[in-house]
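Let me begin by presenting the structure, written as structure tokens, before commenting on it.
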Amino acid sequence: REDPVAESAWLQEIAERHGLPNAVVGWADFARADIAEVLAGHAQYPLLRSIRQKPVSMADPQWRQGYALLARHGFHYDLQAPWSQLGEAAALARDFPDTLIILNHTGLPTDRDEAALAVWRTAIEEFAAEPNTALKISGLGRAGQPWTAAANRRVVLDAIEVFGAGRAMFASNWPVDSLAADSLDTIFDGFQEIVADLGQAERRRLFRDNAVEIYRINL
């Protein structure tokens with residue numbers, strides 16, 4: 001946290017040596033006094049596409065001043081926040097329409113009873129109503145419960161219905177999801193099973209094309 005740019009430098013060096021990774025999401029605290037220098041430091045590295053941070057408040061004026069600098073470098077914002085913060089996130093998207101916000105971990109729908117899922121869906125609908133938003137379908141594992149297609153089908157299909165196949169993408173939360181799944185294949189085979197009835201073009205967008213476009217990945 002003291003020197004987040006060092007991580008980006010390290011990842012760029014690995015990519016130049018081995019050919020991967022092919023895109024990088026860096027970290028920064030938008031409220032820190034030297035955020036302009038930190039973002040400029042990240043921007044030195046060609047693979048940087050986005051900045052990820054878990055915000056305390058997206059309405060804080062100092063935080064927003066730092067956030068406003070993302071557009072200067074063409075960075076996206078990878079947002080990890082629970083669904084309860086998505087009203088703030090929608091307002092942020094409206095106020096900064098030139099910055100794409102990519103919601104990570106599906107808005108963290110940890111409670112799966114009917115009432116909780118209804119509230120979660122309403123929250124992601126409010127966020128998805130802003131055109132400069134997208135979604136990573138990930139982080140669905142729950143400690144102590146096995147990752148299965150049946151357990152996650154409702155969340156996955158609701159998320160795709162809300163965002164459309166053009167603004168959603170499957171993603172990994174590995175190795176954290178090893179608390180719920182015995183392998184990464186278990187998760188992605190589950191995703192394949194859940195969307196088996198979708199068309200080939202939609203599946204391709206969810207598993208590949210959206211990520212390639214959003215993160216400008218050269219394959």
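Chain identifiers are assigned as A, B, and so on, following the order in which chains appear in the structure tokens; residues are numbered from 1 within each chain, and ligands are numbered from 1 in order of appearance.
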
Any chance you could list, as a PyMOL selection string, the residues in region 36-114 of chain A that come up helix (DSSP H, G or I) when DSSP is run on the backbone? chain A and resi 36-42+61-67+70-73+83-95+105-107+114

For the residues selected in the previous step, produce a file with N, CA and C atoms as a compact mmCIF listing (two decimals), in the first residue's frame.
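In the end it all went to result_24.txt:
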```txt
# COMPACT_ATOMS: atom_id res chain seq x y z
N ALA A 36 -2.37 11.92 -7.58
CA ALA A 36 -2.02 12.30 -8.96
C ALA A 36 -0.71 11.66 -9.36
N GLU A 37 0.27 11.66 -8.46
CA GLU A 37 1.58 11.07 -8.75
C GLU A 37 1.47 9.55 -8.85
N VAL A 38 0.64 8.95 -7.98
CA VAL A 38 0.48 7.49 -8.01
C VAL A 38 -0.12 7.06 -9.35
N LEU A 39 -1.17 7.72 -9.80
CA LEU A 39 -1.80 7.34 -11.07
C LEU A 39 -0.87 7.59 -12.25
N ALA A 40 -0.12 8.68 -12.18
CA ALA A 40 0.86 8.94 -13.25
C ALA A 40 1.93 7.86 -13.26
N GLY A 41 2.29 7.36 -12.08
CA GLY A 41 3.26 6.28 -12.00
C GLY A 41 2.72 5.01 -12.63
N HIS A 42 1.47 4.65 -12.32
CA HIS A 42 0.85 3.49 -12.95
C HIS A 42 0.82 3.64 -14.47
N PRO A 61 -15.81 13.96 -0.88
CA PRO A 61 -15.25 14.90 -1.88
C PRO A 61 -13.78 14.66 -2.18
N GLN A 62 -12.96 14.36 -1.18
CA GLN A 62 -11.54 14.13 -1.43
C GLN A 62 -11.33 12.87 -2.26
N TRP A 63 -12.08 11.83 -1.93
CA TRP A 63 -12.00 10.58 -2.70
C TRP A 63 -12.38 10.83 -4.16
N ARG A 64 -13.43 11.61 -4.37
CA ARG A 64 -13.88 11.90 -5.72
C ARG A 64 -12.87 12.74 -6.51
N GLN A 65 -12.17 13.61 -5.84
CA GLN A 65 -11.14 14.39 -6.54
C GLN A 65 -10.08 13.47 -7.11
N GLY A 66 -9.69 12.47 -6.34
CA GLY A 66 -8.74 11.50 -6.85
C GLY A 66 -9.32 10.64 -7.95
N TYR A 67 -10.56 10.21 -7.76
CA TYR A 67 -11.23 9.39 -8.76
C TYR A 67 -11.33 10.11 -10.10
N LEU A 70 -8.82 9.48 -13.02
CA LEU A 70 -8.74 8.26 -13.83
C LEU A 70 -8.89 8.56 -15.31
N ALA A 71 -9.81 9.45 -15.64
CA ALA A 71 -10.07 9.75 -17.05
C ALA A 71 -8.85 10.34 -17.74
N ARG A 72 -8.02 11.05 -16.99
CA ARG A 72 -6.80 11.65 -17.56
C ARG A 72 -5.91 10.58 -18.19
N HIS A 73 -5.92 9.38 -17.60
CA HIS A 73 -5.04 8.31 -18.06
C HIS A 73 -5.80 7.23 -18.84
N TRP A 83 -23.61 -4.95 -2.66
CA TRP A 83 -24.76 -4.36 -3.35
C TRP A 83 -25.32 -3.16 -2.61
N SER A 84 -25.13 -3.08 -1.30
CA SER A 84 -25.68 -1.97 -0.52
C SER A 84 -25.04 -0.63 -0.88
N GLN A 85 -23.89 -0.65 -1.56
CA GLN A 85 -23.22 0.59 -1.96
C GLN A 85 -23.49 0.96 -3.42
N LEU A 86 -24.34 0.22 -4.08
CA LEU A 86 -24.50 0.44 -5.52
C LEU A 86 -25.31 1.69 -5.85
N GLY A 87 -26.06 2.21 -4.93
CA GLY A 87 -26.69 3.51 -5.15
C GLY A 87 -25.63 4.59 -5.29
N GLU A 88 -24.63 4.56 -4.40
CA GLU A 88 -23.50 5.49 -4.51
C GLU A 88 -22.74 5.27 -5.80
N ALA A 89 -22.56 4.00 -6.17
CA ALA A 89 -21.82 3.68 -7.40
C ALA A 89 -22.55 4.19 -8.63
N ALA A 90 -23.87 4.09 -8.64
CA ALA A 90 -24.65 4.60 -9.77
C ALA A 90 -24.50 6.12 -9.88
N ALA A 91 -24.52 6.80 -8.73
CA ALA A 91 -24.33 8.26 -8.74
C ALA A 91 -22.94 8.61 -9.24
N LEU A 92 -21.95 7.83 -8.85
CA LEU A 92 -20.58 8.06 -9.31
C LEU A 92 -20.50 7.90 -10.83
N ALA A 93 -21.14 6.87 -11.35
CA ALA A 93 -21.15 6.66 -12.80
C ALA A 93 -21.80 7.83 -13.53
N ARG A 94 -22.89 8.34 -12.99
CA ARG A 94 -23.56 9.48 -13.63
C ARG A 94 -22.69 10.74 -13.61
N ASP A 95 -21.99 10.94 -12.50
CA ASP A 95 -21.19 12.17 -12.35
C ASP A 95 -19.89 12.13 -13.14
N HIS A 105 -17.13 -9.20 -8.50
CA HIS A 105 -17.75 -10.19 -7.61
C HIS A 105 -19.28 -10.08 -7.54
N THR A 106 -19.88 -9.62 -8.64
CA THR A 106 -21.33 -9.69 -8.81
C THR A 106 -22.09 -8.88 -7.75
N GLY A 107 -21.41 -7.93 -7.11
CA GLY A 107 -22.06 -7.16 -6.06
C GLY A 107 -22.21 -7.91 -4.75
N GLU A 114 -34.82 -15.54 -0.66
CA GLU A 114 -35.58 -14.85 -1.69
C GLU A 114 -35.61 -13.34 -1.49
```

Residues at most 8 Å from Leu79 (chain A), counting only C-alpha atoms, excluding those fewer than 5 positions away in the same chain, as a PDB file with all heavy atoms, in the first residue's frame?
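Now in result_29.pdb:
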```pdb
ATOM      1  N   ARG A  52      -8.231  -0.703  -9.086  1.00  0.00           N
ATOM      2  CA  ARG A  52      -9.186  -1.400  -8.214  1.00  0.00           C
ATOM      3  C   ARG A  52      -9.036  -0.884  -6.791  1.00  0.00           C
ATOM      4  O   ARG A  52      -7.918  -0.740  -6.287  1.00  0.00           O
ATOM      5  CB  ARG A  52      -8.939  -2.902  -8.257  1.00  0.00           C
ATOM      6  CG  ARG A  52      -9.951  -3.753  -7.482  1.00  0.00           C
ATOM      7  CD  ARG A  52      -9.637  -5.221  -7.735  1.00  0.00           C
ATOM      8  NE  ARG A  52     -10.650  -6.119  -7.222  1.00  0.00           N
ATOM      9  CZ  ARG A  52     -10.575  -6.758  -6.059  1.00  0.00           C
ATOM     10  NH1 ARG A  52      -9.534  -6.557  -5.256  1.00  0.00           N
ATOM     11  NH2 ARG A  52     -11.531  -7.587  -5.679  1.00  0.00           N
ATOM     12  N   GLN A  53     -10.164  -0.630  -6.151  1.00  0.00           N
ATOM     13  CA  GLN A  53     -10.145  -0.225  -4.754  1.00  0.00           C
ATOM     14  C   GLN A  53     -11.495  -0.515  -4.123  1.00  0.00           C
ATOM     15  O   GLN A  53     -12.532  -0.435  -4.784  1.00  0.00           O
ATOM     16  CB  GLN A  53      -9.842   1.279  -4.616  1.00  0.00           C
ATOM     17  CG  GLN A  53      -9.560   1.698  -3.176  1.00  0.00           C
ATOM     18  CD  GLN A  53     -10.008   3.110  -2.856  1.00  0.00           C
ATOM     19  OE1 GLN A  53     -10.772   3.703  -3.593  1.00  0.00           O
ATOM     20  NE2 GLN A  53      -9.545   3.627  -1.742  1.00  0.00           N
ATOM     21  N   LYS A  54     -11.478  -0.859  -2.839  1.00  0.00           N
ATOM     22  CA  LYS A  54     -12.706  -1.030  -2.072  1.00  0.00           C
ATOM     23  C   LYS A  54     -12.981   0.294  -1.351  1.00  0.00           C
ATOM     24  O   LYS A  54     -12.281   0.624  -0.394  1.00  0.00           O
ATOM     25  CB  LYS A  54     -12.558  -2.148  -1.049  1.00  0.00           C
ATOM     26  CG  LYS A  54     -12.176  -3.496  -1.636  1.00  0.00           C
ATOM     27  CD  LYS A  54     -11.942  -4.504  -0.512  1.00  0.00           C
ATOM     28  CE  LYS A  54     -11.395  -5.806  -1.036  1.00  0.00           C
ATOM     29  NZ  LYS A  54     -11.118  -6.769   0.063  1.00  0.00           N
ATOM     30  N   PRO A  55     -13.965   1.055  -1.786  1.00  0.00           N
ATOM     31  CA  PRO A  55     -14.178   2.373  -1.192  1.00  0.00           C
ATOM     32  C   PRO A  55     -14.967   2.310   0.110  1.00  0.00           C
ATOM     33  O   PRO A  55     -15.827   1.451   0.290  1.00  0.00           O
ATOM     34  CB  PRO A  55     -14.989   3.091  -2.268  1.00  0.00           C
ATOM     35  CG  PRO A  55     -15.784   1.993  -2.896  1.00  0.00           C
ATOM     36  CD  PRO A  55     -14.889   0.773  -2.885  1.00  0.00           C
ATOM     37  N   ILE A 101     -17.017   1.891 -14.975  1.00  0.00           N
ATOM     38  CA  ILE A 101     -16.945   1.217 -13.678  1.00  0.00           C
ATOM     39  C   ILE A 101     -17.294  -0.245 -13.878  1.00  0.00           C
ATOM     40  O   ILE A 101     -18.373  -0.577 -14.391  1.00  0.00           O
ATOM     41  CB  ILE A 101     -17.913   1.841 -12.657  1.00  0.00           C
ATOM     42  CG1 ILE A 101     -17.638   3.334 -12.489  1.00  0.00           C
ATOM     43  CG2 ILE A 101     -17.789   1.128 -11.319  1.00  0.00           C
ATOM     44  CD1 ILE A 101     -18.618   4.028 -11.558  1.00  0.00           C
ATOM     45  N   ILE A 102     -16.387  -1.129 -13.468  1.00  0.00           N
ATOM     46  CA  ILE A 102     -16.584  -2.567 -13.603  1.00  0.00           C
ATOM     47  C   ILE A 102     -16.800  -3.132 -12.199  1.00  0.00           C
ATOM     48  O   ILE A 102     -15.888  -3.152 -11.375  1.00  0.00           O
ATOM     49  CB  ILE A 102     -15.363  -3.237 -14.254  1.00  0.00           C
ATOM     50  CG1 ILE A 102     -15.056  -2.572 -15.608  1.00  0.00           C
ATOM     51  CG2 ILE A 102     -15.600  -4.729 -14.429  1.00  0.00           C
ATOM     52  CD1 ILE A 102     -13.616  -2.700 -16.035  1.00  0.00           C
ATOM     53  N   LEU A 103     -18.014  -3.546 -11.923  1.00  0.00           N
ATOM     54  CA  LEU A 103     -18.344  -4.089 -10.605  1.00  0.00           C
ATOM     55  C   LEU A 103     -17.796  -5.500 -10.483  1.00  0.00           C
ATOM     56  O   LEU A 103     -18.125  -6.379 -11.278  1.00  0.00           O
ATOM     57  CB  LEU A 103     -19.863  -4.080 -10.396  1.00  0.00           C
ATOM     58  CG  LEU A 103     -20.368  -4.652  -9.073  1.00  0.00           C
ATOM     59  CD1 LEU A 103     -19.846  -3.842  -7.888  1.00  0.00           C
ATOM     60  CD2 LEU A 103     -21.886  -4.710  -9.072  1.00  0.00           C
ATOM     61  N   ASN A 104     -16.976  -5.727  -9.475  1.00  0.00           N
ATOM     62  CA  ASN A 104     -16.373  -7.039  -9.239  1.00  0.00           C
ATOM     63  C   ASN A 104     -17.277  -7.906  -8.356  1.00  0.00           C
ATOM     64  O   ASN A 104     -18.072  -7.401  -7.559  1.00  0.00           O
ATOM     65  CB  ASN A 104     -15.016  -6.895  -8.553  1.00  0.00           C
ATOM     66  CG  ASN A 104     -13.948  -6.251  -9.422  1.00  0.00           C
ATOM     67  OD1 ASN A 104     -12.782  -6.249  -9.067  1.00  0.00           O
ATOM     68  ND2 ASN A 104     -14.319  -5.673 -10.559  1.00  0.00           N
TER      69      ASN A 104
END
```

Need to verify the contact set: Thr186 (chain A), 12 Å, only C-alpha atoms, exclusion of same-chain residues closer than 5 positions in sequence. Can you return it as a ChimeraX atom specification? /A:141,146-149,172,174,177-178,180-181,191-193

Keeping N, CA and C atoms, export the residues of the selection given above as an mmCIF file, in the first residue's frame.
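Saved file part_10.cif follows:
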```
data_model
loop_
_atom_site.group_PDB
_atom_site.id
_atom_site.type_symbol
_atom_site.label_atom_id
_atom_site.label_comp_id
_atom_site.auth_asym_id
_atom_site.auth_seq_id
_atom_site.Cartn_x
_atom_site.Cartn_y
_atom_site.Cartn_z
ATOM 1 N N GLY A 141 -18.357 -17.929 -4.475
ATOM 2 C CA GLY A 141 -18.108 -18.972 -3.497
ATOM 3 C C GLY A 141 -18.454 -18.523 -2.082
ATOM 4 N N PRO A 146 -20.206 -25.997 -0.859
ATOM 5 C CA PRO A 146 -19.575 -26.328 -2.139
ATOM 6 C C PRO A 146 -20.061 -25.426 -3.261
ATOM 7 N N TRP A 147 -19.146 -25.094 -4.191
ATOM 8 C CA TRP A 147 -19.515 -24.308 -5.377
ATOM 9 C C TRP A 147 -20.193 -25.246 -6.354
ATOM 10 N N THR A 148 -21.461 -25.011 -6.636
ATOM 11 C CA THR A 148 -22.194 -25.816 -7.606
ATOM 12 C C THR A 148 -22.972 -24.902 -8.543
ATOM 13 N N ALA A 149 -23.267 -25.407 -9.718
ATOM 14 C CA ALA A 149 -24.088 -24.647 -10.660
ATOM 15 C C ALA A 149 -25.472 -24.397 -10.080
ATOM 16 N N SER A 172 -12.552 -14.926 -12.414
ATOM 17 C CA SER A 172 -12.096 -15.814 -11.354
ATOM 18 C C SER A 172 -11.876 -15.050 -10.052
ATOM 19 N N TRP A 174 -10.012 -16.855 -7.837
ATOM 20 C CA TRP A 174 -9.076 -17.883 -7.364
ATOM 21 C C TRP A 174 -7.797 -17.204 -6.872
ATOM 22 N N ASP A 177 -11.666 -18.535 -3.911
ATOM 23 C CA ASP A 177 -12.787 -19.460 -4.099
ATOM 24 C C ASP A 177 -12.398 -20.915 -3.865
ATOM 25 N N SER A 178 -11.125 -21.192 -3.598
ATOM 26 C CA SER A 178 -10.745 -22.558 -3.222
ATOM 27 C C SER A 178 -11.356 -22.932 -1.870
ATOM 28 N N ALA A 180 -14.392 -22.820 -1.455
ATOM 29 C CA ALA A 180 -15.688 -23.398 -1.807
ATOM 30 C C ALA A 180 -15.612 -24.394 -2.953
ATOM 31 N N ALA A 181 -14.556 -24.350 -3.751
ATOM 32 C CA ALA A 181 -14.450 -25.230 -4.921
ATOM 33 C C ALA A 181 -13.111 -25.950 -4.897
ATOM 34 N N PHE A 191 -20.134 -22.415 -14.700
ATOM 35 C CA PHE A 191 -20.581 -21.305 -15.551
ATOM 36 C C PHE A 191 -21.064 -21.821 -16.907
ATOM 37 N N GLN A 192 -20.301 -22.750 -17.492
ATOM 38 C CA GLN A 192 -20.684 -23.305 -18.792
ATOM 39 C C GLN A 192 -22.045 -23.995 -18.713
ATOM 40 N N GLU A 193 -22.252 -24.731 -17.645
ATOM 41 C CA GLU A 193 -23.529 -25.430 -17.481
ATOM 42 C C GLU A 193 -24.686 -24.437 -17.353
#
```

Where in region 11-129 of chain A does DSSP assign strand (DSSP E or B), given as a list in words?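 Answer for region 11-129 of chain A, restricted to strand (DSSP E or B): Val24, Val25, Gly26, Trp27, Leu48, Arg49, Ser50, Ile51, Arg52, Gln53, His76, Tyr77, Asp78, Leu79, Ile101, Ile102 and Leu103 of chain A.
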
Mind giving me the straight-line distance from CA of Asp182 (chain A) to CA of Ala81 (chain A) in Å, one decimal?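 That distance, rounded to one decimal, is 25.7 Å.
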
Restricting the calculation to only C-alpha atoms: of A:Ser50, A:Asn152, A:Ala43, A:Ala68, which residue gets closest to Phe30 (chain A)? A:Ala68

For region 122-181 of chain A against region 199-212 of chain A, with a cut-off of 12 Å and counting only C-alpha atoms, what is the closest atom pair and its distance in Å to one decimal for every residue that makes the cut, ordered by chain and number, as CSV?
```
residue,atom,partner,partner_atom,distance
A:Ala134,CA,A:Asn210,CA,9.4
A:Leu135,CA,A:Asn210,CA,10.0
A:Lys136,CA,A:Ala211,CA,9.2
A:Ile137,CA,A:Leu206,CA,9.1
A:Ser138,CA,A:Leu206,CA,11.8
A:Val156,CA,A:Leu206,CA,11.1
A:Leu157,CA,A:Leu206,CA,11.8
A:Ala159,CA,A:Leu206,CA,11.4
A:Ile160,CA,A:Leu206,CA,8.9
A:Glu161,CA,A:Glu202,CA,11.7
A:Phe163,CA,A:Leu206,CA,11.1
A:Gly164,CA,A:Glu202,CA,9.0
A:Ala165,CA,A:Glu202,CA,5.6
A:Gly166,CA,A:Arg205,CA,6.5
A:Arg167,CA,A:Asn210,CA,6.9
A:Ala168,CA,A:Leu206,CA,6.0
A:Met169,CA,A:Leu206,CA,4.3
A:Phe170,CA,A:Phe207,CA,5.6
A:Ala171,CA,A:Phe207,CA,8.1
A:Ser172,CA,A:Phe207,CA,11.0
```

Filtering to N, CA, C and O atoms, could you give me those residues as a tab-separated table (two decimals), in the first residue's frame?
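In the end it all went to result35.tsv:
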```tsv
chain	number	residue	atom	x	y	z
A	134	ALA	N	-20.22	-2.07	-16.09
A	134	ALA	CA	-20.09	-3.45	-16.53
A	134	ALA	C	-19.96	-4.32	-15.28
A	134	ALA	O	-19.82	-3.82	-14.16
A	135	LEU	N	-19.98	-5.63	-15.48
A	135	LEU	CA	-20.03	-6.55	-14.34
A	135	LEU	C	-19.11	-7.74	-14.56
A	135	LEU	O	-19.09	-8.34	-15.64
A	136	LYS	N	-18.37	-8.09	-13.50
A	136	LYS	CA	-17.66	-9.36	-13.45
A	136	LYS	C	-18.49	-10.33	-12.62
A	136	LYS	O	-18.78	-10.07	-11.45
A	137	ILE	N	-18.86	-11.44	-13.23
A	137	ILE	CA	-19.57	-12.50	-12.52
A	137	ILE	C	-18.51	-13.39	-11.89
A	137	ILE	O	-17.88	-14.20	-12.55
A	138	SER	N	-18.28	-13.17	-10.62
A	138	SER	CA	-17.20	-13.85	-9.91
A	138	SER	C	-17.47	-13.75	-8.42
A	138	SER	O	-18.45	-13.14	-7.99
A	156	VAL	N	-26.27	-15.95	-11.34
A	156	VAL	CA	-25.63	-15.79	-12.64
A	156	VAL	C	-26.64	-15.34	-13.69
A	156	VAL	O	-26.41	-14.38	-14.45
A	157	LEU	N	-27.77	-16.01	-13.77
A	157	LEU	CA	-28.75	-15.69	-14.81
A	157	LEU	C	-29.40	-14.33	-14.56
A	157	LEU	O	-29.68	-13.59	-15.51
A	159	ALA	N	-27.91	-11.79	-13.11
A	159	ALA	CA	-26.89	-10.81	-13.45
A	159	ALA	C	-26.80	-10.60	-14.96
A	159	ALA	O	-26.71	-9.47	-15.44
A	160	ILE	N	-26.85	-11.69	-15.72
A	160	ILE	CA	-26.79	-11.58	-17.18
A	160	ILE	C	-28.05	-10.90	-17.71
A	160	ILE	O	-27.98	-10.08	-18.64
A	161	GLU	N	-29.19	-11.22	-17.13
A	161	GLU	CA	-30.44	-10.59	-17.58
A	161	GLU	C	-30.41	-9.08	-17.35
A	161	GLU	O	-30.86	-8.30	-18.18
A	163	PHE	N	-27.60	-7.00	-16.92
A	163	PHE	CA	-26.56	-6.29	-17.65
A	163	PHE	C	-26.54	-6.62	-19.14
A	163	PHE	O	-26.01	-5.85	-19.94
A	164	GLY	N	-27.12	-7.75	-19.50
A	164	GLY	CA	-27.01	-8.20	-20.87
A	164	GLY	C	-25.67	-8.88	-21.10
A	164	GLY	O	-24.68	-8.59	-20.41
A	165	ALA	N	-25.63	-9.75	-22.08
A	165	ALA	CA	-24.38	-10.46	-22.37
A	165	ALA	C	-23.30	-9.53	-22.87
A	165	ALA	O	-22.12	-9.88	-22.85
A	166	GLY	N	-23.66	-8.32	-23.29
A	166	GLY	CA	-22.67	-7.38	-23.80
A	166	GLY	C	-21.93	-6.62	-22.74
A	166	GLY	O	-20.92	-5.96	-23.03
A	167	ARG	N	-22.39	-6.67	-21.46
A	167	ARG	CA	-21.71	-5.91	-20.41
A	167	ARG	C	-21.37	-6.76	-19.19
A	167	ARG	O	-21.07	-6.24	-18.12
A	168	ALA	N	-21.40	-8.07	-19.34
A	168	ALA	CA	-21.05	-8.97	-18.25
A	168	ALA	C	-19.95	-9.91	-18.72
A	168	ALA	O	-19.83	-10.20	-19.92
A	169	MET	N	-19.15	-10.38	-17.77
A	169	MET	CA	-18.08	-11.32	-18.12
A	169	MET	C	-17.80	-12.23	-16.94
A	169	MET	O	-17.89	-11.82	-15.78
A	170	PHE	N	-17.51	-13.47	-17.24
A	170	PHE	CA	-17.12	-14.40	-16.20
A	170	PHE	C	-15.68	-14.12	-15.79
A	170	PHE	O	-14.82	-13.83	-16.62
A	171	ALA	N	-15.43	-14.24	-14.49
A	171	ALA	CA	-14.10	-13.96	-13.95
A	171	ALA	C	-13.81	-14.90	-12.79
A	171	ALA	O	-14.70	-15.55	-12.26
A	172	SER	N	-12.55	-14.93	-12.41
A	172	SER	CA	-12.10	-15.81	-11.35
A	172	SER	C	-11.88	-15.05	-10.05
A	172	SER	O	-11.46	-13.89	-10.06
```

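Proximity of A:Trp27, A:Phe188, A:Tyr45, A:Phe127 to Glu13 (chain A), computed with only C-alpha atoms, is greatest for A:Tyr45.
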
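Note that CA of Val119 (chain A) and CA of Asp78 (chain A) are 22.3 Å apart.
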
Quick one: everything within 10 Å of Leu117 (chain A), counting only C-alpha atoms, minus sequence neighbours fewer than 6 positions away in the same chain. Send it as a PyMOL selection string. chain A and resi 109-111+123+154-155+158
